[in-house]
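**Student:** Just one file: upload_31.tsv, with TSV, C-alpha atoms.
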```tsv
chain	number	residue	atom	x	y	z
A	25	MET	CA	-9.60	0.69	-14.90
A	26	LYS	CA	-11.96	-1.99	-13.60
A	27	TYR	CA	-11.22	-3.12	-10.13
A	28	LYS	CA	-10.45	-6.80	-9.70
A	29	ALA	CA	-10.29	-8.09	-6.17
A	30	LEU	CA	-7.09	-9.31	-4.58
A	31	VAL	CA	-7.53	-12.84	-3.26
A	32	LEU	CA	-5.00	-15.09	-1.52
A	33	SER	CA	-5.55	-18.87	-1.85
A	34	GLY	CA	-9.31	-18.51	-1.66
A	35	ALA	CA	-9.19	-16.31	1.40
A	36	ILE	CA	-11.08	-13.19	0.40
A	37	LEU	CA	-9.71	-9.83	1.42
A	38	LEU	CA	-11.62	-7.43	3.63
A	39	THR	CA	-13.98	-6.56	0.81
A	40	ALA	CA	-15.08	-10.12	0.33
A	41	ALA	CA	-17.69	-9.33	-2.29
A	42	VAL	CA	-15.16	-8.45	-4.98
A	43	SER	CA	-15.55	-11.19	-7.56
A	44	SER	CA	-12.30	-11.39	-9.57
A	45	THR	CA	-9.20	-12.93	-8.01
A	46	ILE	CA	-5.59	-11.95	-8.09
A	47	ALA	CA	-3.31	-14.34	-6.23
A	48	ALA	CA	-0.41	-11.92	-6.22
A	49	VAL	CA	-1.06	-9.96	-3.04
A	50	THR	CA	-2.94	-10.38	0.23
A	51	TYR	CA	-4.11	-8.00	2.89
A	52	LEU	CA	-5.36	-10.40	5.53
A	53	ARG	CA	-3.94	-9.92	9.01
A	54	PRO	CA	-2.34	-13.14	10.33
A	55	GLN	CA	-3.04	-14.64	13.73
A	56	THR	CA	0.62	-14.31	14.50
A	57	GLN	CA	3.28	-12.06	13.04
A	58	ILE	CA	6.73	-12.94	11.83
A	59	LYS	CA	9.15	-10.57	13.55
A	60	GLN	CA	12.25	-9.36	11.80
A	61	THR	CA	15.42	-10.14	13.61
A	62	GLN	CA	16.70	-6.69	12.86
A	63	ILE	CA	14.91	-3.35	12.73
A	64	GLU	CA	16.37	-1.29	9.95
A	65	GLN	CA	17.08	2.29	10.95
A	66	PRO	CA	16.33	4.98	8.39
A	67	LYS	CA	19.17	7.14	7.26
A	68	ILE	CA	19.14	10.10	4.92
A	69	GLN	CA	20.68	9.27	1.57
A	70	GLN	CA	20.77	10.75	-1.92
A	71	SER	CA	17.44	10.64	-3.80
A	72	GLN	CA	18.90	8.53	-6.63
A	73	PRO	CA	19.25	4.77	-5.99
A	74	ALA	CA	22.78	3.94	-4.91
A	75	PRO	CA	24.95	2.35	-7.60
A	76	ALA	CA	25.69	-0.57	-5.30
A	77	PRO	CA	23.59	-2.15	-2.52
A	78	SER	CA	24.06	-0.61	0.90
A	79	ALA	CA	23.60	-2.32	4.23
A	80	THR	CA	20.54	-0.83	5.92
A	81	THR	CA	19.68	2.59	4.55
A	82	GLU	CA	15.93	2.56	4.17
A	83	LYS	CA	13.85	5.66	4.63
A	84	LEU	CA	10.12	5.97	4.13
A	85	ASN	CA	9.83	9.41	2.62
A	86	PRO	CA	6.66	11.50	2.61
A	87	PRO	CA	5.46	12.26	-0.91
A	88	VAL	CA	6.91	15.39	-2.46
A	89	ALA	CA	5.61	17.46	-5.36
A	90	ALA	CA	8.51	16.65	-7.63
A	91	SER	CA	9.43	14.07	-10.24
A	92	PRO	CA	12.05	11.43	-9.45
A	93	SER	CA	15.60	12.14	-10.48
A	94	PRO	CA	16.40	10.95	-14.00
A	95	ASN	CA	17.68	7.39	-13.98
A	96	SER	CA	20.24	6.17	-16.49
A	97	ASP	CA	18.92	2.60	-16.25
A	98	PRO	CA	15.99	2.30	-18.71
A	99	ALA	CA	14.88	-0.90	-16.99
A	100	ARG	CA	13.94	1.02	-13.87
A	101	LEU	CA	10.47	2.53	-13.61
A	102	PRO	CA	10.38	5.53	-11.24
A	103	ILE	CA	7.16	7.00	-9.87
A	104	ALA	CA	6.44	10.52	-8.62
A	105	LEU	CA	4.29	10.41	-5.47
A	106	VAL	CA	2.71	13.83	-5.09
A	107	ASP	CA	0.58	14.54	-2.00
A	108	GLU	CA	-2.08	16.85	-3.37
A	109	SER	CA	-3.98	17.03	-0.08
A	110	VAL	CA	-1.77	19.94	0.97
A	111	GLN	CA	-3.36	22.07	-1.74
A	112	SER	CA	-6.52	22.33	0.36
A	113	PRO	CA	-5.96	23.48	3.97
A	114	GLU	CA	-9.52	22.44	4.79
A	115	PHE	CA	-9.07	18.89	3.52
A	116	ALA	CA	-5.56	18.65	4.99
A	117	LYS	CA	-7.01	19.45	8.42
A	118	PHE	CA	-9.70	16.81	7.95
A	119	LEU	CA	-7.11	14.27	6.82
A	120	ASP	CA	-4.90	14.94	9.86
A	121	ARG	CA	-7.90	14.41	12.13
A	122	THR	CA	-8.73	11.16	10.35
A	123	LYS	CA	-5.16	9.90	10.64
A	124	GLN	CA	-5.22	10.61	14.36
A	125	ALA	CA	-8.48	8.71	14.70
A	126	VAL	CA	-6.88	5.75	12.94
A	127	ARG	CA	-3.89	5.84	15.28
A	128	ASP	CA	-6.29	5.96	18.23
A	129	ARG	CA	-8.51	3.23	16.75
A	130	ASP	CA	-11.40	5.67	17.22
A	131	ALA	CA	-14.36	3.76	15.81
A	132	LYS	CA	-16.82	6.48	16.82
A	133	TYR	CA	-15.06	9.04	14.64
A	134	ILE	CA	-14.83	6.67	11.67
A	135	ARG	CA	-18.56	6.00	11.92
A	136	SER	CA	-19.16	9.76	11.92
A	137	ILE	CA	-17.55	10.16	8.48
A	138	VAL	CA	-19.22	7.09	6.97
A	139	THR	CA	-22.66	7.31	5.35
A	140	SER	CA	-25.23	4.74	4.28
A	141	GLN	CA	-23.88	5.15	0.73
A	142	THR	CA	-20.22	4.50	1.57
A	143	LYS	CA	-19.00	1.59	-0.54
A	144	PHE	CA	-16.95	-1.18	1.06
A	145	SER	CA	-17.02	-3.52	-1.94
A	146	PHE	CA	-17.78	-3.54	-5.66
A	147	GLY	CA	-20.53	-6.08	-5.17
A	148	LYS	CA	-23.27	-6.28	-2.57
A	149	GLN	CA	-23.58	-3.14	-0.48
A	150	ARG	CA	-22.06	-3.61	2.98
A	151	SER	CA	-22.07	-1.40	6.04
A	152	ILE	CA	-19.12	-0.39	8.21
A	153	ASP	CA	-20.22	-3.13	10.63
A	154	TYR	CA	-18.75	-5.65	8.21
A	155	LEU	CA	-15.26	-4.34	9.00
A	156	ASN	CA	-15.75	-4.42	12.78
A	157	PRO	CA	-14.07	-1.08	13.62
A	158	GLU	CA	-14.80	-1.52	17.34
A	159	ASN	CA	-12.12	-4.21	17.37
A	160	PRO	CA	-8.72	-2.42	17.47
A	161	ASN	CA	-7.15	-5.55	15.96
A	162	SER	CA	-9.48	-5.62	12.97
A	163	PRO	CA	-7.54	-5.80	9.67
A	164	PHE	CA	-9.55	-2.74	8.65
A	165	TRP	CA	-7.35	-0.47	10.77
A	166	ALA	CA	-4.01	-1.64	9.37
A	167	SER	CA	-5.23	-1.33	5.79
A	168	LEU	CA	-6.75	2.12	6.34
A	169	GLU	CA	-3.62	3.35	8.13
A	170	LYS	CA	-1.41	2.28	5.24
A	171	ALA	CA	-3.78	3.81	2.68
A	172	LEU	CA	-3.54	7.21	4.40
A	173	ALA	CA	0.21	7.15	5.05
A	174	LEU	CA	1.31	8.59	1.68
A	175	GLY	CA	-1.18	11.42	1.33
A	176	CYS	CA	-3.81	11.74	-1.38
A	177	SER	CA	-4.45	12.62	-5.01
A	178	LYS	CA	-7.17	15.04	-6.09
A	179	ASP	CA	-9.87	13.77	-8.42
A	180	ALA	CA	-13.13	15.10	-9.81
A	181	ASN	CA	-15.14	14.20	-6.72
A	182	GLY	CA	-12.63	14.85	-3.96
A	183	TYR	CA	-9.49	12.95	-2.96
A	184	SER	CA	-8.25	9.38	-3.24
A	185	CYS	CA	-5.63	7.92	-0.90
A	186	PRO	CA	-2.94	6.69	-1.21
A	187	THR	CA	-1.28	8.63	-4.02
A	188	VAL	CA	-0.12	5.34	-5.55
A	189	PHE	CA	-3.65	4.61	-6.78
A	190	GLN	CA	-3.83	7.41	-9.37
A	191	GLN	CA	-0.19	8.18	-10.03
A	192	PHE	CA	0.72	4.63	-11.01
A	193	GLN	CA	-1.05	5.04	-14.36
A	194	THR	CA	0.82	8.28	-15.05
A	195	ALA	CA	4.13	6.56	-14.36
A	196	LEU	CA	3.19	3.70	-16.66
A	197	LYS	CA	2.34	6.04	-19.54
A	198	ASN	CA	5.77	7.63	-19.27
A	199	SER	CA	7.58	4.29	-19.30
A	200	SER	CA	8.60	1.72	-21.87
A	201	SER	CA	7.31	-1.27	-19.89
A	202	PRO	CA	4.40	-2.67	-21.92
A	203	ASN	CA	4.20	-5.85	-19.82
A	204	MET	CA	3.58	-4.01	-16.56
A	205	ASP	CA	0.05	-3.56	-15.25
A	206	ALA	CA	-1.61	-2.76	-11.94
A	207	SER	CA	-2.28	-6.38	-11.03
A	208	SER	CA	1.36	-7.44	-11.49
A	209	ALA	CA	3.11	-4.41	-10.00
A	210	ILE	CA	4.47	-3.35	-6.63
A	211	VAL	CA	5.32	0.27	-5.89
A	212	VAL	CA	8.32	0.52	-3.56
A	213	VAL	CA	8.06	3.77	-1.60
A	214	GLY	CA	11.10	5.17	0.15
A	215	GLN	CA	14.72	6.09	-0.31
A	216	ASN	CA	17.28	3.32	-0.80
A	217	VAL	CA	14.91	0.56	0.26
A	218	ASN	CA	16.77	-2.74	0.50
A	219	ALA	CA	15.75	-5.68	-1.66
A	220	ARG	CA	17.03	-8.84	0.05
A	221	SER	CA	17.81	-12.33	-1.10
A	222	GLN	CA	15.49	-13.92	1.47
A	223	PRO	CA	12.42	-12.68	3.41
A	224	ASN	CA	14.29	-11.63	6.53
A	225	ALA	CA	16.33	-8.62	7.60
A	226	ASP	CA	19.50	-10.68	8.13
A	227	SER	CA	19.74	-11.84	4.54
A	228	PRO	CA	22.08	-10.07	2.07
A	229	THR	CA	20.98	-6.91	0.28
A	230	ILE	CA	20.97	-7.52	-3.47
A	231	ALA	CA	19.71	-4.11	-4.64
A	232	THR	CA	18.31	-0.79	-3.43
A	233	LEU	CA	15.13	0.82	-4.74
A	234	THR	CA	13.90	4.40	-4.50
A	235	ASN	CA	10.28	5.34	-5.31
A	236	GLU	CA	9.94	2.92	-8.20
A	237	ILE	CA	7.77	0.21	-9.64
A	238	VAL	CA	8.83	-3.44	-9.79
A	239	LYS	CA	7.04	-6.66	-10.72
A	240	TYR	CA	5.32	-8.80	-8.12
A	241	ASP	CA	6.88	-12.27	-8.00
A	242	THR	CA	3.77	-14.40	-8.41
A	243	THR	CA	5.75	-17.62	-8.86
A	244	THR	CA	7.53	-17.29	-5.52
A	245	PHE	CA	4.25	-16.51	-3.82
A	246	GLN	CA	2.46	-19.49	-5.36
A	247	ASN	CA	5.31	-21.84	-4.42
A	248	ALA	CA	5.39	-20.61	-0.81
A	249	SER	CA	4.07	-22.67	2.09
A	250	GLU	CA	0.61	-21.95	3.44
A	251	GLN	CA	2.18	-20.49	6.56
A	252	GLU	CA	4.32	-18.11	4.52
A	253	LYS	CA	1.29	-17.03	2.53
A	254	ALA	CA	-0.77	-16.45	5.66
A	255	GLU	CA	1.89	-14.86	7.84
A	256	THR	CA	4.80	-13.52	5.83
A	257	PHE	CA	3.80	-12.43	2.32
A	258	ARG	CA	1.23	-9.79	3.23
A	259	LEU	CA	1.17	-6.11	2.42
A	260	ASP	CA	-0.63	-5.00	5.58
A	261	ASN	CA	1.90	-6.58	7.94
A	262	PRO	CA	4.77	-4.17	8.68
A	263	ASN	CA	6.89	-7.18	9.60
A	264	GLY	CA	5.99	-9.00	6.40
A	265	TRP	CA	7.79	-9.31	3.08
A	266	VAL	CA	6.81	-8.96	-0.55
A	267	PRO	CA	8.44	-11.13	-3.24
A	268	VAL	CA	9.47	-9.02	-6.22
A	269	ILE	CA	11.31	-9.26	-9.51
A	270	LEU	CA	13.94	-6.56	-9.82
A	271	PRO	CA	14.69	-4.56	-13.00
A	272	ASN	CA	17.58	-6.95	-13.77
A	273	ASN	CA	15.13	-9.90	-13.47
A	274	GLN	CA	16.69	-11.04	-10.19
A	275	ARG	CA	14.21	-12.23	-7.56
A	276	GLY	CA	14.22	-10.68	-4.11
A	277	PHE	CA	12.12	-9.53	-1.17
A	278	VAL	CA	11.12	-6.05	0.04
A	279	SER	CA	9.78	-5.19	3.48
A	280	SER	CA	6.01	-4.83	3.17
A	281	ARG	CA	6.09	-1.55	5.07
A	282	TYR	CA	7.60	0.01	1.92
A	283	ALA	CA	5.48	-1.89	-0.62
A	284	TYR	CA	2.13	-0.86	-2.11
A	285	SER	CA	-0.11	-2.46	-4.70
A	286	PRO	CA	-1.58	-0.04	-7.28
A	287	ILE	CA	-4.93	-1.81	-6.77
A	288	GLY	CA	-4.63	-2.28	-3.04
A	289	TYR	CA	-6.91	-0.73	-0.45
A	290	ARG	CA	-7.71	2.90	-1.07
A	291	VAL	CA	-10.09	5.34	0.53
A	292	LEU	CA	-12.08	7.97	-1.35
A	293	PHE	CA	-13.19	11.18	0.34
A	294	GLY	CA	-15.74	13.68	-0.92
A	295	LYS	CA	-17.97	16.44	0.38
A	296	GLU	CA	-21.57	15.71	1.31
A	297	GLY	CA	-23.74	18.41	2.83
A	298	GLY	CA	-20.68	20.62	3.14
A	299	GLU	CA	-18.73	18.07	5.19
A	300	TRP	CA	-15.97	15.68	4.22
A	301	LYS	CA	-17.09	12.05	4.24
A	302	MET	CA	-15.61	8.66	3.41
A	303	GLN	CA	-17.26	7.66	0.14
A	304	ALA	CA	-15.50	4.36	-0.38
A	305	PHE	CA	-12.95	1.99	1.12
A	306	VAL	CA	-12.28	-0.68	-1.46
A	307	THR	CA	-9.65	-2.88	-3.03
A	308	GLY	CA	-9.32	-4.50	-6.41
A	309	ASP	CA	-9.37	-3.58	-10.08
```
Show how you would write the structure in this file as structure tokens.

**Tutor:**
Amino acid sequence: MKYKALVLSGAILLTAAVSSTIAAVTYLRPQTQIKQTQIEQPKIQQSQPAPAPSATTEKLNPPVAASPSPNSDPARLPIALVDESVQSPEFAKFLDRTKQAVRDRDAKYIRSIVTSQTKFSFGKQRSIDYLNPENPNSPFWASLEKALALGCSKDANGYSCPTVFQQFQTALKNSSSPNMDASSAIVVVGQNVNARSQPNADSPTIATLTNEIVKYDTTTFQNASEQEKAETFRLDNPNGWVPVILPNNQRGFVSSRYAYSPIGYRVLFGKEGGEWKMQAFVTGD
């Protein structure tokens, strides 16, 4: 799959050199954040989506090495998110250390795992300086943290994170959704994640989603105000919202903390000189 860049209203994402544009999703950090009026508390529920919408029963599950439960609704598109990093104790230890560095905003550590060959775009070669890791508020940190949150998939050269990046294609092959592709999809990760009628936590729940793929609502995004585009409809903002089209074609909104783009930011790790290094941190298709 070629990697097209995600672009929001001409504002280029962190990897500004990516040439192609997709107006569906944006990763830019806003100057201000829209706060939800209600923080939804996770609660353990059954792994299958509830037959009727519940109030606030969202839970961000870690990936598990198992397929989703069979779903009687053929319109739904489940995805199995398998964290393959646990298969290598050595890499798992490295990944835990990297996650801690991200939580600490430890720029020195990040620079230690970056090389002169690490790719930060699909165009002109850029260095880590471009992402300004010394600034704890740099959008780089939020995007990297989200990319590492779900674990990683093994590939020929090492590991890619998050798992959504590789396992989306597998889910698509096993589905009957010919009109779905990476640029028009959102992967909702979690158990009984609420889809709401409006982009706020006080609005009614119209459906619940569990580890499944839905369509990104490009029309709602394009018709939104510039403020909504810059502050609300962003995947890297945990207080943001993502407009989606549900399996029954109803339009709704999902908290961005549970929403991933299959072509969003991902980080690739591989061994160089016997040590794990960051080989790429890119977005796009």

**Student:** Please determine the residues with any atom at most 6 Å from (-16.0, 7.8, -0.1) (coordinates as given in the file, with only C-alpha atoms counting) and report them as a PyMOL selection string.

**Tutor:** chain A and resi 142+292-294+302-304

**Student:** Give as a list in words the set of residues within 9 Å of the point (5.0, -14.6, -7.7), where distances use the file's coordinates and only C-alpha atoms.

**Tutor:**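 Residues satisfying the cut-off, written out: Ala47, Ala48, Val49, Ser208, Lys239, Tyr240, Asp241, Thr242, Thr243, Thr244, Phe245, Gln246, Asn247, Pro267, Val268 and Ile269 of chain A.
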
**Student:** List the neighbours of Ser184 in chain A out to 9 Å using only C-alpha atoms; skip same-chain residues closer than 5 positions along the sequence, and give me the result as a PyMOL selection string.

**Tutor:** chain A and resi 175-179+189-190+290-294

**Student:** Give me, please, the distance in Å between CA of Ser112 in chain A and CA of Lys170 in chain A, quoted to one decimal.

**Tutor:**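 Computed distance, CA of Ser112 in chain A to CA of Lys170 in chain A, equals 21.3 Å.
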
**Student:** Write out as JSON an axis-aligned box for range 270-275 of chain A: all of its atoms listed in the file, 6 Å added on each side, centre and edge lengths in Å with one decimal.

**Tutor:**
```
{"center_x": 15.8, "center_y": -8.4, "center_z": -10.7, "size_x": 15.6, "size_y": 19.7, "size_z": 18.2}
```

**Student:** Could you check the closest approach to Lys197 in chain A for each of A:Ile103, A:Val211, A:Cys185, A:Ala166 and tell me which residue wins, using only C-alpha atoms?

**Tutor:** A:Ile103

**Student:** Kindly give the distance, in Å, that separates CA of Ile134 in chain A and CA of Phe305 in chain A, rounded to a single decimal.

**Tutor:** 11.7 Å

**Student:** So how far away is CA of Ile237 in chain A from CA of Tyr284 in chain A, in Å?

**Tutor:**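 Here the two named atoms are 9.5 Å from each other.
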